[in-house]
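In what follows, a single structure is set out as structure tokens and then discussed.
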Amino acid sequence: MSSKTDSDVQFGTIRSSLWPIHSHELKKFLPMQIMLILICFNYSILRNLKDSIVITGMGAEVIPFIKIWVLLPTAIILTVIFTTLANRFSQERVIYIMISGFLGFYALFTFVLYPLRDVLHPHATALALEQMYPSWKWFIAICDNWVLTSFYVMSELWGTIILQVIFWGFANEVTRMYEARRFYSVFSIGSNLAAALAGLCAILFISSDDFFGMDPIGSQITEENQEAIWQHKLSWLMGLIIFCGIVTMAVFRWTTKNVLNDASFNDLRQIKKEYKAKGKQSLRDSFSYLKNSKYLICIAIMVVSYNLTINLVELVWKDQLKQLYPYKADYMTFMSYLTLSMGIVSTLTSFFMANIISRFGWTRTALITPVIMLITSAAFFSFLFFPALSPIVITLFGTTPLVIAAYIGFAQNCFSKAAKYSVFDATQNMSFIPLSHESKLKGKAAIDGVGSRLGKSGGSLIHTGLLMIFHNLSYSSPYVASILLGVIVIWIFATKSLGKQFSELTAHQSEPQELPGSGEPGVRGQEKIAHNNA
């Protein structure tokens with residue numbers, strides 16, 4: 001049975017949900033919150049841009065092939081690069097190098113590669129190869145449209161490398177266990193607000209043809225004019241993304257100079273020195289943590305399961321959405337409304353995260369995401385499996401089955417991803433905190449850098465195999481639904497197992513009687529409460 005923590009009593013019911021942060025913690029908390037908001041803002045826009053550009057340009061069927069043959073190898077390469085840089089340079093320099101590399105590519109794509117794509121894409125060669133080898137048409141398409149493929153990959157990896165590996169790796173190092181429940185609940189609110197803001201900004205940029213001088217040329221909008229207007233809008237959006245990335249590095253620089261030099265972080269610097277004295281760690285060492293640790297294996301199963309399930313159901317939905325919105329701007333606008341709705345739902349949920357974890361414990365909180373995924377996916381696939389219901393729905397709502405499917409998928413994506421961003425991310429990242437510095441750094445790099453990619457690529461592998469057999473996403477959907485159910489069951493069992501181990505680890509950790517450098521009392525007994533609730 002749970003009881004109130006000291007922070008809950010001190011803050012009161014409302015503030016413990018909305019802003020459970022002590023005044024002396026703001027110097028560390030606010031810069032981290034700003035960095036998270038900017039990184040999530042960029043990722044939300046990039047995620048919609050990559051789908052709009054690739055799906056309307058090549059079709060949804062190419063996405064599984066991109067994820068397997070391009071995205072997964074690139075994720076592994078960037079993880080190797082990150083590990084190598086982490087062994088050679090300071091954490092600060094590694095962050096600057098990685099973020100600058102991504103921003104440089106986005107600038108190159110927007111102002112050089114995309115405008116010249118017709119010149120750079122070998123369409124004539126690809127057409128000849130497709131006639132000779134029709135069964136390889138998807139591989140030929142991603143190679144032919146290599147500019148679009150590369151943008152899809154680098155946009156997806158912003159969320160993996162910059163958000164998951166770099167930011168959350170940094171946050172887990174500088175956040176103590178007794179701070180995590182309060183900090184991470186508010187982090188969740190900030191990231192969800194960033195998604196809503198990104199959706200709103202994208203809608204403003206894309207849906208208004210006269211915004212920032214983006215007027216169509218002439219009285220009629222031709223296909224050429226539409227593309228010219230789209231490129232103009234794209235340049236503004238990418239300029240905003242680059243600006244946010246630069247501000248992120250500036251905020252991290254300020255944090256390094258003004259926050260991490262505090263005496264309360266001497267223990268962190270000592271851990272780093274001891275770690276470096278042991279010698280450099282390779283990527284193979286990172287995976288050894290997974291192989292030898294049941295705890296990390298359970299976290300990896302959770303990460304792989306989420307990415308596998310969302311990839312399986314999302315691709316079927318996006319294939320139908322492309323039929324409804326064949327143009328980039330229309331597709332981007334619809335996806336931006338999804339991002340806005342998802343951000344609002346996630347934010348409202350995040351307001352209660354601190355109390356949810358305190359009252360229900362880590363395990364039951366972590367189970368929210370797979371349960372929601374199960375319910376919403378069942379609703380979406382039920383509509384696909386029972387087309388006889390379409391005439392009834394058309395009579396009631398006066399619209400086509402394609403529109404109904406698009407909006408059912410809209411609701412499915414909204415609630416499942418809202419659960420991911422408000423619940424899954426917070427509980428998953430909290431699970432790393434009781435671990436040693438080595439396990440946090442290398443284990444998290446392996447799980448988030450490659451584990452998430454394995455989940456998405458595993459879903460893509462399933463889709464590619466089914467496409468080779470059925471040649472159509474709609475025909476393969478019953479098999480996708482069956483696999484989805486099995487993965488969610490495994491996910492639930494792994495979460496329960498991790499919850500037991502998490503409670504055992506945190507039960508042996510004690511919170512300091514006084515917050516470092518503050519002179520104020522800490523939140524005593526938090527780990528014991530986590531143990532009882534889990």
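Letters A, B, ... mark the chains of the structure tokens in the order given; residue numbers begin at 1 per chain; ligand numbers begin at 1, in order shown.
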Margin query: Could you list, as a list in words, every residue within 10 Å of A:Arg47, counting only C-alpha atoms and ignoring same-chain residues fewer than 2 positions away?
Written below: Asn42, Tyr43, Ser44, Ile45, Leu49, Lys50, Asp51, Ser52, Tyr152, Ser155, Glu156, Leu157, Trp158, Gly159, Met332, Met335, Ser336 and Thr339 of chain A
Check: Between A:Ala426, A:Ala507, A:Leu38, A:Ile161, which is the closest to A:Leu240 once you count only C-alpha atoms?
Finding: A:Leu38
Next item on the list: Pick out the residues sitting within 12 Å of stretch 115-132 of chain A, and hand them over as number ranges by chain; count only C-alpha atoms, and ignore anything fewer than 6 positions along from it in its own chain.
Entry: A: 57, 107-109, 138-151, 227-228, 230-232, 234-235
Take the selection from the previous step and output its residues with N, CA and C atoms, as a compact mmCIF listing (two decimals), in the first residue's frame.
# COMPACT_ATOMS: atom_id res chain seq x y z
N GLY A 57 6.04 9.98 -52.44
CA GLY A 57 6.96 9.89 -53.56
C GLY A 57 7.22 8.48 -54.05
N ALA A 107 20.65 20.59 -43.63
CA ALA A 107 20.89 21.77 -44.47
C ALA A 107 21.27 21.36 -45.89
N LEU A 108 22.13 20.34 -46.01
CA LEU A 108 22.55 19.86 -47.33
C LEU A 108 21.36 19.31 -48.11
N PHE A 109 20.50 18.54 -47.44
CA PHE A 109 19.33 17.98 -48.10
C PHE A 109 18.39 19.08 -48.60
N TRP A 138 11.20 -2.92 -55.24
CA TRP A 138 11.30 -2.10 -54.03
C TRP A 138 12.75 -1.72 -53.73
N PHE A 139 13.67 -2.65 -53.92
CA PHE A 139 15.09 -2.33 -53.72
C PHE A 139 15.56 -1.31 -54.74
N ILE A 140 15.10 -1.46 -55.96
CA ILE A 140 15.49 -0.52 -57.01
C ILE A 140 14.94 0.87 -56.70
N ALA A 141 13.73 0.94 -56.17
CA ALA A 141 13.10 2.23 -55.87
C ALA A 141 13.87 3.00 -54.81
N ILE A 142 14.30 2.33 -53.74
CA ILE A 142 15.00 3.05 -52.67
C ILE A 142 16.40 3.47 -53.11
N CYS A 143 17.00 2.69 -54.02
CA CYS A 143 18.30 3.10 -54.56
C CYS A 143 18.14 4.23 -55.57
N ASP A 144 17.11 4.15 -56.38
CA ASP A 144 16.85 5.19 -57.37
C ASP A 144 16.59 6.53 -56.68
N ASN A 145 15.73 6.53 -55.67
CA ASN A 145 15.38 7.74 -54.93
C ASN A 145 16.24 7.86 -53.67
N TRP A 146 17.55 7.79 -53.85
CA TRP A 146 18.46 7.74 -52.70
C TRP A 146 18.45 9.03 -51.89
N VAL A 147 18.12 10.15 -52.49
CA VAL A 147 18.04 11.41 -51.73
C VAL A 147 16.90 11.33 -50.72
N LEU A 148 15.73 10.85 -51.16
CA LEU A 148 14.59 10.72 -50.26
C LEU A 148 14.86 9.65 -49.20
N THR A 149 15.50 8.57 -49.61
CA THR A 149 15.82 7.49 -48.67
C THR A 149 16.76 7.98 -47.57
N SER A 150 17.77 8.72 -47.95
CA SER A 150 18.73 9.22 -46.97
C SER A 150 18.08 10.18 -45.98
N PHE A 151 17.16 11.00 -46.47
CA PHE A 151 16.46 11.92 -45.57
C PHE A 151 15.58 11.14 -44.58
N GLU A 227 4.84 22.03 -56.40
CA GLU A 227 6.16 21.56 -55.95
C GLU A 227 7.04 22.73 -55.54
N ALA A 228 6.96 23.85 -56.26
CA ALA A 228 7.75 25.02 -55.90
C ALA A 228 7.32 25.57 -54.54
N TRP A 230 5.87 23.82 -52.18
CA TRP A 230 6.28 22.82 -51.18
C TRP A 230 7.75 23.01 -50.81
N GLN A 231 8.60 23.23 -51.78
CA GLN A 231 10.03 23.42 -51.49
C GLN A 231 10.25 24.67 -50.65
N HIS A 232 9.48 25.71 -50.91
CA HIS A 232 9.60 26.94 -50.12
C HIS A 232 9.20 26.67 -48.67
N LEU A 234 9.24 23.77 -47.20
CA LEU A 234 10.23 22.85 -46.66
C LEU A 234 11.45 23.61 -46.15
N SER A 235 11.89 24.61 -46.89
CA SER A 235 13.07 25.38 -46.49
C SER A 235 12.82 26.12 -45.18
Notebook entry, point to check: Which residue out of A:Leu296, A:Met249, A:Ile408, A:Leu290 has the minimum interatomic distance to A:Glu314 when only C-alpha atoms are used?
Noted result: A:Ile408
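For the set A:Lys456, A:Leu30, A:Ile166, A:Asn472, the residue with the smallest atom-to-atom gap to A:Lys442 is A:Ile166, counting only C-alpha atoms.
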Notebook entry, point to check: Pick the closest to A:Tyr306 from A:Asn48, A:Thr349, A:Thr256, A:Thr495: which is it, counting only C-alpha atoms?
Noted result: A:Thr495
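Closest approach to A:Leu467 among A:Val247, A:Val480, A:Leu36, A:Ile97: A:Val480, based on only C-alpha atoms.
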Based on DSSP run over this structure's backbone, return all residues of stretch 137-220 of chain A in helix (DSSP H, G or I), as a short mmCIF file (atom, residue, chain, number, x, y, z; two decimals) with C-alpha atoms, in the first residue's frame.
data_model
loop_
_atom_site.label_atom_id
_atom_site.label_comp_id
_atom_site.auth_asym_id
_atom_site.auth_seq_id
_atom_site.Cartn_x
_atom_site.Cartn_y
_atom_site.Cartn_z
CA LYS A 137 11.29 -3.24 -57.67
CA TRP A 138 11.30 -2.10 -54.03
CA PHE A 139 15.09 -2.33 -53.72
CA ILE A 140 15.49 -0.52 -57.01
CA ALA A 141 13.10 2.23 -55.87
CA ILE A 142 15.00 3.05 -52.67
CA CYS A 143 18.30 3.10 -54.56
CA ASP A 144 16.85 5.19 -57.37
CA TRP A 146 18.46 7.74 -52.70
CA VAL A 147 18.04 11.41 -51.73
CA LEU A 148 14.59 10.72 -50.26
CA THR A 149 15.82 7.49 -48.67
CA SER A 150 18.73 9.22 -46.97
CA PHE A 151 16.46 11.92 -45.57
CA TYR A 152 14.08 9.29 -44.18
CA VAL A 153 16.96 7.52 -42.44
CA MET A 154 18.57 10.63 -40.93
CA SER A 155 15.20 11.97 -39.77
CA GLU A 156 14.36 8.72 -38.02
CA LEU A 157 17.79 8.52 -36.40
CA TRP A 158 17.41 11.97 -34.84
CA GLY A 159 14.95 10.38 -32.42
CA THR A 160 17.21 7.39 -31.79
CA ILE A 161 20.67 8.95 -31.50
CA ILE A 162 20.00 12.52 -30.37
CA LEU A 163 16.92 12.00 -28.21
CA GLN A 164 17.28 8.51 -26.78
CA VAL A 165 21.03 7.92 -26.65
CA ILE A 166 22.45 11.42 -26.16
CA PHE A 167 19.80 13.36 -24.21
CA TRP A 168 18.43 10.57 -22.05
CA GLY A 169 21.91 9.18 -21.49
CA PHE A 170 22.94 12.61 -20.20
CA ALA A 171 19.76 13.00 -18.12
CA ASN A 172 20.19 9.60 -16.49
CA GLU A 173 23.74 10.50 -15.45
CA VAL A 174 22.97 13.83 -13.81
CA MET A 177 17.04 8.45 -8.07
CA TYR A 178 15.15 10.62 -5.59
CA GLU A 179 14.80 13.33 -8.29
CA ALA A 180 13.79 11.03 -11.12
CA ARG A 181 10.11 10.50 -10.32
CA ARG A 182 9.50 14.25 -10.09
CA PHE A 183 11.83 15.34 -12.91
CA TYR A 184 10.79 12.71 -15.42
CA SER A 185 7.08 13.33 -14.97
CA VAL A 186 7.60 17.00 -15.87
CA PHE A 187 10.01 16.04 -18.68
CA SER A 188 7.17 14.00 -20.11
CA ILE A 189 4.88 17.02 -20.03
CA GLY A 190 7.49 19.14 -21.79
CA SER A 191 8.13 16.61 -24.55
CA ASN A 192 4.40 16.25 -25.20
CA LEU A 193 3.91 20.00 -25.34
CA ALA A 194 6.77 20.09 -27.84
CA ALA A 195 4.92 17.60 -30.05
CA ALA A 196 1.74 19.66 -29.89
CA LEU A 197 3.68 22.83 -30.70
CA ALA A 198 5.42 21.09 -33.61
CA GLY A 199 2.08 19.97 -35.04
CA LEU A 200 0.67 23.47 -34.71
CA CYS A 201 3.71 25.08 -36.37
CA ALA A 202 3.68 22.58 -39.23
CA ILE A 203 -0.03 23.19 -39.83
CA LEU A 204 0.62 26.94 -39.92
CA PHE A 205 3.52 26.58 -42.38
CA ILE A 206 1.95 23.95 -44.65
CA SER A 207 -1.75 24.84 -44.80
CA PHE A 211 2.47 32.46 -45.15
CA PHE A 212 5.97 34.01 -45.34
CA GLY A 213 5.38 34.99 -48.97
#
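Between atom CA of A:Thr309 and atom CA of A:Met35 the separation is 28.6 Å.
Take atom CA of A:His471 and atom CA of A:Trp317: the distance between them is 16.2 Å.
Here the question is which of A:Asn258, A:Thr464, A:Gln33, A:Ser135 gets nearest to A:Trp69 using only C-alpha atoms, and that residue is A:Thr464.
For the atom pair formed by atom CA of A:Ala60 and atom CA of A:Lys318, the distance is 6.6 Å, given to one decimal.
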